[in-house]
>>> print(open('model-v8.csv').read())   # CSV, C-alpha atoms and all ligand atoms
chain,number,residue,atom,x,y,z
A,2,MET,CA,19.6,9.1,8.1
A,3,PRO,CA,19.6,11.8,5.4
A,4,LEU,CA,17.3,11.0,2.5
A,5,ASP,CA,18.0,12.0,-1.1
A,6,ALA,CA,15.2,14.5,-1.5
A,7,ASP,CA,15.5,14.5,-5.4
A,8,ARG,CA,15.0,10.7,-5.4
A,9,VAL,CA,11.9,11.0,-3.2
A,10,ARG,CA,10.5,13.7,-5.5
A,11,GLU,CA,11.1,11.6,-8.6
A,12,THR,CA,9.5,8.5,-7.1
A,13,LEU,CA,6.5,10.5,-5.8
A,14,LEU,CA,5.9,12.2,-9.1
A,15,HIS,CA,6.2,9.0,-11.0
A,16,LEU,CA,3.6,7.3,-8.8
A,17,LEU,CA,1.3,10.3,-8.9
A,18,ARG,CA,1.4,10.3,-12.7
A,19,THR,CA,0.5,6.6,-12.8
A,20,PRO,CA,-3.3,6.5,-12.5
A,21,SER,CA,-4.5,3.7,-10.2
A,22,PHE,CA,-8.2,4.0,-9.4
A,23,SER,CA,-9.3,1.0,-7.2
A,24,GLY,CA,-9.3,-2.1,-9.4
A,25,GLN,CA,-6.9,-0.6,-11.9
A,26,GLU,CA,-3.6,-1.0,-10.1
A,27,GLY,CA,-1.9,-3.2,-12.7
A,28,ALA,CA,0.6,-0.6,-14.0
A,29,ILE,CA,1.5,0.8,-10.6
A,30,ALA,CA,1.8,-2.7,-9.1
A,31,ALA,CA,4.3,-3.6,-11.9
A,32,TRP,CA,6.3,-0.5,-11.3
A,33,VAL,CA,6.6,-0.9,-7.5
A,34,THR,CA,7.4,-4.7,-8.0
A,35,ALA,CA,10.4,-3.8,-10.1
A,36,ARG,CA,11.6,-1.2,-7.5
A,37,LEU,CA,11.2,-3.7,-4.7
A,38,GLU,CA,13.1,-6.3,-6.7
A,39,GLU,CA,15.9,-3.8,-7.2
A,40,LEU,CA,16.1,-3.5,-3.5
A,41,GLY,CA,16.7,-7.2,-3.1
A,42,CYS,CA,13.1,-8.2,-2.1
A,43,THR,CA,11.4,-11.3,-3.1
A,44,VAL,CA,8.0,-10.2,-4.5
A,45,GLU,CA,4.8,-12.0,-5.0
A,46,ARG,CA,1.3,-11.0,-6.0
A,47,ASP,CA,-1.8,-12.6,-4.4
A,48,ALA,CA,-5.3,-13.1,-5.9
A,49,ALA,CA,-7.0,-10.3,-4.1
A,50,GLY,CA,-8.0,-8.6,-7.3
A,51,ALA,CA,-10.4,-11.4,-8.2
A,52,THR,CA,-12.4,-10.7,-5.0
A,53,PHE,CA,-13.6,-7.3,-6.2
A,54,GLY,CA,-13.2,-7.3,-9.9
A,55,GLY,CA,-9.8,-5.7,-9.8
A,56,GLU,CA,-7.0,-6.3,-12.4
A,57,CYS,CA,-4.3,-7.4,-9.9
A,58,GLY,CA,-3.7,-8.5,-6.3
A,59,ASN,CA,-1.7,-7.2,-3.4
A,60,VAL,CA,2.0,-6.8,-3.8
A,61,ILE,CA,3.8,-8.6,-1.0
A,62,ALA,CA,7.6,-8.2,-0.7
A,63,ARG,CA,10.0,-9.8,1.7
A,64,LEU,CA,13.5,-8.6,2.5
A,65,PRO,CA,15.8,-10.7,4.8
A,66,GLY,CA,17.1,-8.9,7.9
A,67,THR,CA,20.7,-8.3,8.5
A,68,VAL,CA,20.3,-9.0,12.3
A,69,ALA,CA,18.3,-11.4,14.4
A,70,ALA,CA,15.4,-9.1,15.2
A,71,ALA,CA,11.7,-9.5,15.2
A,72,PRO,CA,10.2,-9.0,11.7
A,73,ILE,CA,8.0,-6.0,11.0
A,74,PHE,CA,5.7,-5.2,8.2
A,75,LEU,CA,5.1,-1.9,6.4
A,76,ASN,CA,1.9,-1.1,4.5
A,77,ALA,CA,0.4,1.5,2.2
A,78,HIS,CA,-2.3,1.2,-0.5
A,79,LEU,CA,-1.7,1.5,-4.2
A,80,ASP,CA,-5.2,2.6,-5.3
A,81,THR,CA,-6.8,6.1,-5.2
A,82,VAL,CA,-10.2,7.5,-5.5
A,83,GLN,CA,-11.4,9.3,-8.7
A,84,PRO,CA,-11.3,11.6,-10.7
A,85,THR,CA,-7.8,11.0,-12.1
A,86,THR,CA,-8.3,11.5,-15.9
A,87,GLY,CA,-5.6,13.9,-17.1
A,88,LEU,CA,-3.9,14.0,-13.7
A,89,GLU,CA,-0.6,16.0,-14.0
A,90,PRO,CA,1.0,16.8,-10.7
A,91,GLN,CA,2.6,20.2,-10.4
A,92,VAL,CA,5.2,21.4,-7.8
A,93,VAL,CA,4.6,24.9,-6.5
A,94,ASP,CA,7.1,26.1,-3.9
A,95,GLY,CA,7.6,22.6,-2.6
A,96,LEU,CA,3.9,21.7,-2.5
A,97,VAL,CA,2.7,19.1,-4.9
A,98,VAL,CA,-0.8,19.8,-6.3
A,99,SER,CA,-3.0,18.6,-9.1
A,100,GLY,CA,-4.2,20.8,-11.9
A,101,GLY,CA,-7.4,21.4,-9.9
A,102,ASP,CA,-9.7,19.1,-11.9
A,103,THR,CA,-8.4,15.8,-10.6
A,104,ILE,CA,-7.4,14.5,-7.2
A,105,LEU,CA,-3.7,14.2,-6.6
A,106,GLY,CA,-3.4,10.7,-5.2
A,107,ALA,CA,-1.0,11.6,-2.4
A,108,ASP,CA,-3.4,9.3,-0.5
A,109,ASP,CA,-1.7,7.0,-0.5
A,110,LYS,CA,1.2,7.4,-2.9
A,111,ALA,CA,3.0,9.6,-0.3
A,112,GLY,CA,2.9,6.4,1.9
A,113,VAL,CA,4.1,4.2,-0.9
A,114,THR,CA,6.9,6.7,-1.7
A,115,ALA,CA,8.0,6.9,2.0
A,116,ILE,CA,8.2,3.1,2.3
A,117,LEU,CA,10.1,2.6,-1.0
A,118,GLU,CA,12.6,5.4,-0.4
A,119,GLY,CA,13.0,4.8,3.4
A,120,VAL,CA,13.8,1.2,2.8
A,121,ALA,CA,16.1,2.0,-0.2
A,122,ALA,CA,18.1,4.4,2.0
A,123,VAL,CA,18.7,1.7,4.6
A,124,VAL,CA,19.6,-0.9,2.0
A,125,ALA,CA,22.0,1.6,0.3
A,126,ALA,CA,23.6,2.5,3.6
A,127,GLY,CA,24.0,-1.1,4.7
A,128,THR,CA,22.8,-0.2,8.2
A,129,PRO,CA,21.2,-3.0,10.4
A,130,ARG,CA,17.6,-3.9,9.6
A,131,PRO,CA,15.1,-6.5,10.8
A,132,PRO,CA,13.4,-9.0,8.5
A,133,LEU,CA,10.9,-6.9,6.5
A,134,GLU,CA,7.6,-7.6,4.9
A,135,ILE,CA,6.2,-4.9,2.7
A,136,VAL,CA,2.5,-5.1,1.7
A,137,PHE,CA,1.1,-2.7,-0.9
A,138,THR,CA,-2.6,-3.3,-1.0
A,139,VAL,CA,-5.2,-2.8,-3.8
A,140,GLY,CA,-8.8,-1.8,-3.6
A,141,GLU,CA,-8.5,0.1,-0.2
A,142,GLU,CA,-10.7,3.0,-1.2
A,143,THR,CA,-13.7,1.0,-2.3
A,144,GLY,CA,-13.9,-1.2,0.7
A,145,LEU,CA,-10.5,-2.3,2.1
A,146,HIS,CA,-10.7,-5.2,-0.4
A,147,GLY,CA,-7.0,-6.0,-0.7
A,148,ALA,CA,-6.5,-6.1,3.0
A,149,ARG,CA,-9.6,-8.3,3.5
A,150,ALA,CA,-8.3,-10.8,1.0
A,151,LEU,CA,-4.7,-10.8,2.3
A,152,ASP,CA,-3.6,-14.0,3.9
A,153,LEU,CA,-2.4,-12.6,7.2
A,154,SER,CA,-1.2,-16.0,8.4
A,155,ALA,CA,1.5,-15.8,5.6
A,156,LEU,CA,3.0,-12.8,7.3
A,157,GLN,CA,5.7,-13.5,9.9
A,158,ALA,CA,5.5,-10.1,11.5
A,159,THR,CA,3.1,-9.6,14.3
A,160,CYS,CA,3.2,-5.8,14.2
A,161,GLY,CA,2.9,-3.4,11.3
A,162,PHE,CA,3.1,0.2,10.4
A,163,VAL,CA,0.5,1.6,8.0
A,164,PHE,CA,1.6,4.8,6.3
A,165,ASP,CA,-1.8,6.3,5.4
A,166,SER,CA,-2.6,9.4,7.2
A,167,GLY,CA,-2.0,13.1,6.9
A,168,THR,CA,0.1,15.6,8.8
A,169,PRO,CA,2.1,16.4,10.9
A,170,ILE,CA,4.8,13.8,10.2
A,171,GLY,CA,5.3,12.0,13.5
A,172,GLU,CA,1.7,11.8,14.3
A,173,LEU,CA,0.7,8.3,15.3
A,174,THR,CA,-3.0,7.2,15.1
A,175,ILE,CA,-3.6,4.5,17.7
A,176,SER,CA,-7.3,3.9,17.4
A,177,ALA,CA,-10.1,3.7,14.9
A,178,PRO,CA,-13.8,3.3,15.2
A,179,THR,CA,-15.9,0.4,14.2
A,180,GLN,CA,-18.3,1.3,11.4
A,181,ALA,CA,-21.8,-0.2,10.9
A,182,SER,CA,-23.7,0.5,7.7
A,183,GLN,CA,-27.5,0.4,7.4
A,184,ARG,CA,-29.9,0.0,4.6
A,185,ILE,CA,-33.4,1.2,5.3
A,186,VAL,CA,-36.4,0.7,3.0
A,187,LEU,CA,-39.8,2.2,3.8
A,188,THR,CA,-42.8,1.0,1.7
A,189,GLY,CA,-46.1,2.8,1.7
A,190,ARG,CA,-48.8,2.8,-0.9
A,191,ALA,CA,-48.9,4.5,-4.3
A,192,ALA,CA,-51.9,6.5,-5.4
A,193,HIS,CA,-52.7,9.2,-7.9
A,194,ALA,CA,-51.6,12.4,-6.3
A,195,GLY,CA,-54.2,14.6,-7.9
A,196,VAL,CA,-57.2,12.2,-8.0
A,197,GLU,CA,-57.1,10.2,-4.8
A,198,PRO,CA,-54.1,11.1,-2.6
A,199,GLU,CA,-56.1,9.9,0.4
A,200,LEU,CA,-55.5,6.3,-0.7
A,201,GLY,CA,-51.7,6.8,-0.7
A,202,ILE,CA,-49.1,6.3,2.0
A,203,ASN,CA,-46.3,8.7,1.3
A,204,ALA,CA,-43.0,6.9,2.0
A,205,ILE,CA,-40.9,10.0,1.5
A,206,ALA,CA,-42.9,11.9,4.1
A,207,CYS,CA,-42.5,9.0,6.5
A,208,ALA,CA,-38.8,9.0,5.9
A,209,ALA,CA,-38.6,12.7,6.5
A,210,ALA,CA,-40.5,12.4,9.8
A,211,ALA,CA,-38.2,9.5,10.9
A,212,ILE,CA,-35.0,11.4,10.0
A,213,ALA,CA,-36.2,14.4,11.9
A,214,ALA,CA,-36.8,12.2,15.0
A,215,CYS,CA,-33.3,10.6,14.8
A,216,ARG,CA,-30.2,11.9,16.6
A,217,GLN,CA,-27.3,12.0,14.2
A,218,GLY,CA,-24.0,13.9,13.6
A,219,ARG,CA,-21.4,14.0,16.3
A,220,LEU,CA,-23.0,12.2,19.3
A,221,ASP,CA,-19.9,12.3,21.6
A,222,ALA,CA,-16.1,12.3,21.3
A,223,GLU,CA,-16.0,8.8,19.9
A,224,THR,CA,-19.3,8.3,18.2
A,225,THR,CA,-20.8,9.7,15.0
A,226,ALA,CA,-23.9,8.9,12.9
A,227,ASN,CA,-25.1,10.0,9.5
A,228,ILE,CA,-28.1,9.3,7.3
A,229,GLY,CA,-26.3,10.1,4.1
A,230,VAL,CA,-28.3,8.8,1.1
A,231,ILE,CA,-32.0,9.0,0.4
A,232,GLU,CA,-33.9,8.2,-2.8
A,233,GLY,CA,-37.5,7.6,-3.6
A,234,GLY,CA,-40.5,8.6,-5.7
A,235,GLN,CA,-41.1,8.5,-9.4
A,236,ALA,CA,-43.1,11.5,-10.5
A,237,THR,CA,-44.9,14.4,-8.9
A,238,ASN,CA,-48.3,13.0,-9.7
A,239,ILE,CA,-47.7,9.7,-7.8
A,240,VAL,CA,-47.8,9.5,-4.0
A,241,PRO,CA,-44.3,7.9,-3.5
A,242,GLU,CA,-44.6,4.3,-2.5
A,243,VAL,CA,-41.0,3.5,-1.7
A,244,CYS,CA,-38.1,5.4,0.0
A,245,ARG,CA,-34.6,4.0,0.4
A,246,LEU,CA,-32.0,5.3,2.8
A,247,ARG,CA,-28.5,4.5,3.7
A,248,SER,CA,-26.8,5.5,7.0
A,249,GLU,CA,-23.7,4.7,9.0
A,250,VAL,CA,-22.7,4.7,12.6
A,251,ARG,CA,-19.1,4.9,13.8
A,252,SER,CA,-17.8,4.6,17.3
A,253,ARG,CA,-14.7,3.5,19.1
A,254,ASP,CA,-17.0,2.0,21.8
A,255,GLN,CA,-18.9,-1.1,20.6
A,256,GLY,CA,-21.7,-0.5,23.1
A,257,LYS,CA,-22.4,3.0,21.9
A,258,LEU,CA,-22.3,1.9,18.3
A,259,GLU,CA,-24.9,-0.8,18.9
A,260,ALA,CA,-27.1,1.6,20.9
A,261,GLN,CA,-27.1,4.1,18.0
A,262,VAL,CA,-28.0,1.4,15.5
A,263,ALA,CA,-30.8,0.3,17.7
A,264,HIS,CA,-31.9,4.0,18.0
A,265,PHE,CA,-32.1,4.3,14.2
A,266,GLN,CA,-34.1,1.1,13.9
A,267,GLU,CA,-36.5,1.8,16.8
A,268,THR,CA,-37.1,5.4,15.5
A,269,PHE,CA,-37.8,4.3,12.0
A,270,GLN,CA,-40.0,1.5,13.2
A,271,ARG,CA,-42.1,3.8,15.4
A,272,VAL,CA,-42.6,6.4,12.7
A,273,ALA,CA,-43.3,3.7,10.0
A,274,ASP,CA,-46.0,2.3,12.3
A,275,GLU,CA,-47.5,5.8,12.6
A,276,PHE,CA,-47.6,6.2,8.9
A,277,GLY,CA,-48.6,2.7,8.1
A,278,CYS,CA,-45.4,2.0,6.2
A,279,ALA,CA,-43.6,-1.3,6.1
A,280,LEU,CA,-39.9,-1.1,7.2
A,281,GLU,CA,-37.0,-3.2,6.1
A,282,PHE,CA,-33.9,-2.4,8.2
A,283,SER,CA,-30.5,-4.1,8.0
A,284,SER,CA,-27.1,-3.2,9.5
A,285,ARG,CA,-23.8,-4.8,8.9
A,286,GLU,CA,-20.3,-4.2,10.2
A,287,ALA,CA,-18.2,-2.5,7.6
A,288,TYR,CA,-15.0,-2.8,9.6
A,289,ARG,CA,-13.9,-3.4,13.2
A,290,GLY,CA,-12.3,-0.7,15.3
A,291,PHE,CA,-9.0,-1.0,17.3
A,292,ARG,CA,-7.1,0.6,20.1
A,293,ILE,CA,-3.3,0.3,20.6
A,294,ASP,CA,-1.9,0.8,24.1
A,295,LEU,CA,1.1,3.2,24.2
A,296,ALA,CA,3.1,0.5,26.0
A,297,GLU,CA,2.7,-2.0,23.2
A,298,PRO,CA,5.8,-2.8,21.1
A,299,VAL,CA,4.2,-1.4,17.9
A,300,ALA,CA,3.6,2.0,19.6
A,301,ARG,CA,7.0,2.1,21.3
A,302,LEU,CA,8.8,1.4,18.1
A,303,ALA,CA,6.8,4.0,16.1
A,304,ALA,CA,7.5,6.7,18.7
A,305,ALA,CA,11.2,5.8,18.9
A,306,ALA,CA,11.4,5.9,15.1
A,307,VAL,CA,9.8,9.4,15.0
A,308,ARG,CA,12.3,10.6,17.7
A,309,ALA,CA,15.2,9.0,15.8
A,310,ALA,CA,14.1,10.9,12.7
A,311,GLY,CA,14.5,14.1,14.7
A,312,LEU,CA,10.7,14.7,15.1
A,313,GLN,CA,8.3,14.8,18.0
A,314,PRO,CA,5.8,12.0,18.2
A,315,SER,CA,2.1,12.9,18.9
A,316,TRP,CA,-0.8,10.6,19.4
A,317,ALA,CA,-4.2,10.8,17.6
A,318,GLU,CA,-7.5,9.1,17.8
A,319,GLY,CA,-8.7,8.0,14.3
A,320,GLY,CA,-12.1,8.6,12.9
A,321,GLY,CA,-12.0,6.6,9.7
A,322,GLY,CA,-11.4,3.1,8.4
A,323,SER,CA,-8.2,1.9,6.8
A,324,ASP,CA,-6.3,-1.3,6.1
A,325,ALA,CA,-5.1,-1.0,9.7
A,326,ASN,CA,-8.6,-1.9,10.9
A,327,VAL,CA,-8.5,-5.2,8.9
A,328,PHE,CA,-4.9,-6.0,10.1
A,329,ASN,CA,-5.8,-5.4,13.7
A,330,ALA,CA,-9.0,-7.4,13.5
A,331,GLY,CA,-6.8,-10.2,12.1
A,332,GLY,CA,-4.4,-10.2,15.1
A,333,LYS,CA,-1.6,-8.0,13.7
A,334,ARG,CA,-1.0,-5.0,15.9
A,335,CYS,CA,-0.9,-2.0,13.6
A,336,ILE,CA,-0.5,1.7,14.0
A,337,LEU,CA,-1.1,4.4,11.4
A,338,LEU,CA,1.7,6.9,10.7
A,339,ALA,CA,1.4,10.2,8.9
A,340,CYS,CA,2.9,10.5,5.4
A,341,GLY,CA,2.0,14.0,4.3
A,342,GLU,CA,-1.3,13.7,2.4
A,343,ARG,CA,-3.5,16.8,2.8
A,344,ASP,CA,-7.2,17.2,1.8
A,345,PRO,CA,-7.5,13.7,0.5
A,346,HIS,CA,-10.5,12.8,-1.7
A,347,THR,CA,-10.8,16.4,-2.9
A,348,LEU,CA,-9.6,18.3,-5.9
A,349,ARG,CA,-7.6,20.5,-3.5
A,350,GLU,CA,-5.5,17.5,-2.4
A,351,SER,CA,-1.8,18.3,-1.9
A,352,CYS,CA,1.3,17.2,-0.2
A,353,ALA,CA,4.5,18.9,0.7
A,354,LEU,CA,7.7,17.3,-0.6
A,355,ALA,CA,9.4,18.0,2.7
A,356,ASP,CA,6.7,16.0,4.5
A,357,VAL,CA,7.2,13.0,2.2
A,358,VAL,CA,10.9,13.2,2.7
A,359,ALA,CA,10.4,13.3,6.5
A,360,ALA,CA,8.0,10.3,6.3
A,361,ALA,CA,10.7,8.4,4.4
A,362,GLU,CA,13.2,9.3,7.2
A,363,VAL,CA,10.7,7.9,9.7
A,364,VAL,CA,10.6,4.6,7.7
A,365,ALA,CA,14.4,4.5,7.6
A,366,ALA,CA,14.6,5.2,11.4
A,367,LEU,CA,11.9,2.6,12.1
A,368,LEU,CA,14.1,-0.1,10.4
A,369,GLY,CA,17.0,1.0,12.6
A,370,VAL,CA,15.0,1.0,15.8
A,371,ALA,CA,13.4,-2.4,15.0
A,372,ALA,CA,16.9,-3.8,14.2
A,373,GLY,CA,17.9,-2.9,17.8
A,374,GLU,CA,15.2,-5.2,19.3
A,375,ARG,CA,17.2,-8.4,19.1
A,376,VAL,CA,15.5,-11.7,19.5
B,401,ZN,ZN,-5.6,6.2,2.1
>>> encode(input="model-v8.csv", output="structure tokens")
Amino acid sequence: MPLDADRVRETLLHLLRTPSFSGQEGAIAAWVTARLEELGCTVERDAAGATFGGECGNVIARLPGTVAAAPIFLNAHLDTVQPTTGLEPQVVDGLVVSGGDTILGADDKAGVTAILEGVAAVVAAGTPRPPLEIVFTVGEETGLHGARALDLSALQATCGFVFDSGTPIGELTISAPTQASQRIVLTGRAAHAGVEPELGINAIACAAAAIAACRQGRLDAETTANIGVIEGGQATNIVPEVCRLRSEVRSRDQGKLEAQVAHFQETFQRVADEFGCALEFSSREAYRGFRIDLAEPVARLAAAAVRAAGLQPSWAEGGGGSDANVFNAGGKRCILLACGERDPHTLRESCALADVVAAAEVVAALLGVAAGERV
């Protein structure tokens, strides 16, 4: 179905010009709500904002189908990372960029645009569509807050399509790792560094030795680990008593994930004992991984939609967390689809208008394909 590229461009630019750092999604939520209501959707807002100090909740829209087909849901997130102050998108040869001192926010406004415009095209054309649920989440970037607070039992659809990944359009991400996050505190003993350093136990030196003894980085094709934050010490004339660290482990294999967390803990414990430091070590699951089989309906529908849009589907293994992790953990089978964002979370972020138009065409094709799956 041919999409009106000018409309896609106007919607995208409007969304990009509306700042929406996590927790400050009120203005953009109001705007997408009005657009969804124009399409004939019934729109509600839940209380997700209250769970993380945000100003509004998830936007949940429902549009009746025109045929008796299984319902599907579409998702993108409304919030962005920072900085966004003074964000003014510019279009250079079909590529949308920021002025260079802010992010662009194509992550995930390219996804929001693709959904709004793809659904609008189907509604305008009057072609068959299944019952549709559209969920625009808040607080994704700061911890998947909106998705976590969403009442999944209120969604009829059992499978969903999350438009929140990069390029090429037609790429389908069918897996994601579980992530575990660790907090590590080493406590030694303070002493005057010039007068009696022999009485001190240097927690920073202990941390350094432990880090050097840990394996981290890319451990295998599906497992990574990173000790990413370290802080400690007060002054050069004090042997540092406390050193705090934060690390993460990601794996698409639960056993490998647990083995690496245990490796971190055992290594820090061994080195702490050598130094005479006390160790506090805690690890919690940040989000749960998933894997979709290519034969599952959600994967079949996504691939058929990509082909119907004139593109070639490709399959990717994911390395990050997204709302799709939360939905899959809650029993909804979800796949991630590319929507055109490039270099997200950087000042170089961009997206090609043609990619966002193509992603909207995938959305429109998805509705057509899903409408063909009569129940
Ligand atoms: Zn995103």
>>> closest_residue(input="model-v8.csv", among="A:Lys110, A:Arg190, A:Arg46, A:Arg36", to="ligand ZN 401 (chain B)", atoms="only C-alpha atoms and all ligand atoms")
A:Lys110
>>> residues_around(input="model-v8.csv", residues="segment 307-315 of chain A", least_positions_apart="6", cutoff="12 Å", atoms="only C-alpha atoms", output="PyMOL selection string")
chain A and resi 2-4+119+168-175+295+300-301+337-340+356+358-371
>>> residues_around(input="model-v8.csv", residues="Ser99 of chain A", least_positions_apart="2", cutoff="12 Å", atoms="all atoms listed in the file", output="number ranges by chain")
A: 14, 17-18, 84-93, 96-97, 101-107, 344-345, 347-352
>>> closest_residue(input="model-v8.csv", among="A:Gly234, A:Gly322, A:Gly100, A:Gly54", to="ligand ZN 401 (chain B)", atoms="all atoms listed in the file")
A:Gly322
>>> residues_near_ligand(input="model-v8.csv", ligand="ligand ZN 401 (chain B)", cutoff="9 Å", atoms="all atoms listed in the file", output="mmCIF file with C-alpha atoms, in the frame of the given file")
data_model
loop_
_atom_site.group_PDB
_atom_site.id
_atom_site.type_symbol
_atom_site.label_atom_id
_atom_site.label_comp_id
_atom_site.auth_asym_id
_atom_site.auth_seq_id
_atom_site.Cartn_x
_atom_site.Cartn_y
_atom_site.Cartn_z
ATOM 1 C CA ALA A 77 0.400 1.500 2.200
ATOM 2 C CA HIS A 78 -2.300 1.200 -0.500
ATOM 3 C CA LEU A 79 -1.700 1.500 -4.200
ATOM 4 C CA ASP A 80 -5.200 2.600 -5.300
ATOM 5 C CA THR A 81 -6.800 6.100 -5.200
ATOM 6 C CA VAL A 82 -10.200 7.500 -5.500
ATOM 7 C CA GLY A 106 -3.400 10.700 -5.200
ATOM 8 C CA ALA A 107 -1.000 11.600 -2.400
ATOM 9 C CA ASP A 108 -3.400 9.300 -0.500
ATOM 10 C CA ASP A 109 -1.700 7.000 -0.500
ATOM 11 C CA LYS A 110 1.200 7.400 -2.900
ATOM 12 C CA GLY A 112 2.900 6.400 1.900
ATOM 13 C CA GLU A 141 -8.500 0.100 -0.200
ATOM 14 C CA GLU A 142 -10.700 3.000 -1.200
ATOM 15 C CA PHE A 164 1.600 4.800 6.300
ATOM 16 C CA ASP A 165 -1.800 6.300 5.400
ATOM 17 C CA SER A 166 -2.600 9.400 7.200
ATOM 18 C CA SER A 323 -8.200 1.900 6.800
ATOM 19 C CA ASP A 324 -6.300 -1.300 6.100
ATOM 20 C CA GLU A 342 -1.300 13.700 2.400
ATOM 21 C CA PRO A 345 -7.500 13.700 0.500
#
>>> atom_distance(input="model-v8.csv", atom1="atom CA of Gly277 of chain A", atom2="atom CA of Gln183 of chain A")
21.2 Å
>>> closest_residue(input="model-v8.csv", among="A:Glu259, A:Asp7, A:Glu38, A:Glu223", to="Ala355 of chain A", atoms="all atoms listed in the file")
A:Asp7
>>> closest_residue(input="model-v8.csv", among="A:Thr268, A:Thr138, A:Ser248, A:Ser176", to="Arg285 of chain A", atoms="only C-alpha atoms")
A:Ser248
>>> closest_residue(input="model-v8.csv", among="A:Ala35, A:Leu16, A:Ile293, A:Cys160", to="Ala177 of chain A", atoms="all atoms listed in the file")
A:Ile293
>>> closest_residue(input="model-v8.csv", among="A:Gly66, A:Gly321, A:Gly27, A:Pro132", to="Gly50 of chain A", atoms="all atoms listed in the file")
A:Gly27
>>> atom_distance(input="model-v8.csv", atom1="atom CA of Asp254 of chain A", atom2="atom CA of Glu267 of chain A")
20.1 Å
>>> atom_distance(input="model-v8.csv", atom1="atom CA of Glu374 of chain A", atom2="atom CA of Phe74 of chain A")
14.6 Å
>>> residues_near_point(input="model-v8.csv", point="(-14.8, 9.8, 25.1)", cutoff="10 Å", atoms="all atoms listed in the file", output="number ranges by chain")
A: 221-224, 252-254
>>> residues_around(input="model-v8.csv", residues="Thr159 of chain A", least_positions_apart="6", cutoff="9 Å", atoms="only C-alpha atoms", output="MDAnalysis selection string")
chainID A and resid 71:74 332:335
>>> residues_around(input="model-v8.csv", residues="Ser182 of chain A", least_positions_apart="5", cutoff="9 Å", atoms="only C-alpha atoms", output="list in words")
Arg247, Ser248, Glu249, Val250, Arg251, Val262, Ser283, Ser284, Arg285, Glu286 and Ala287 of chain A
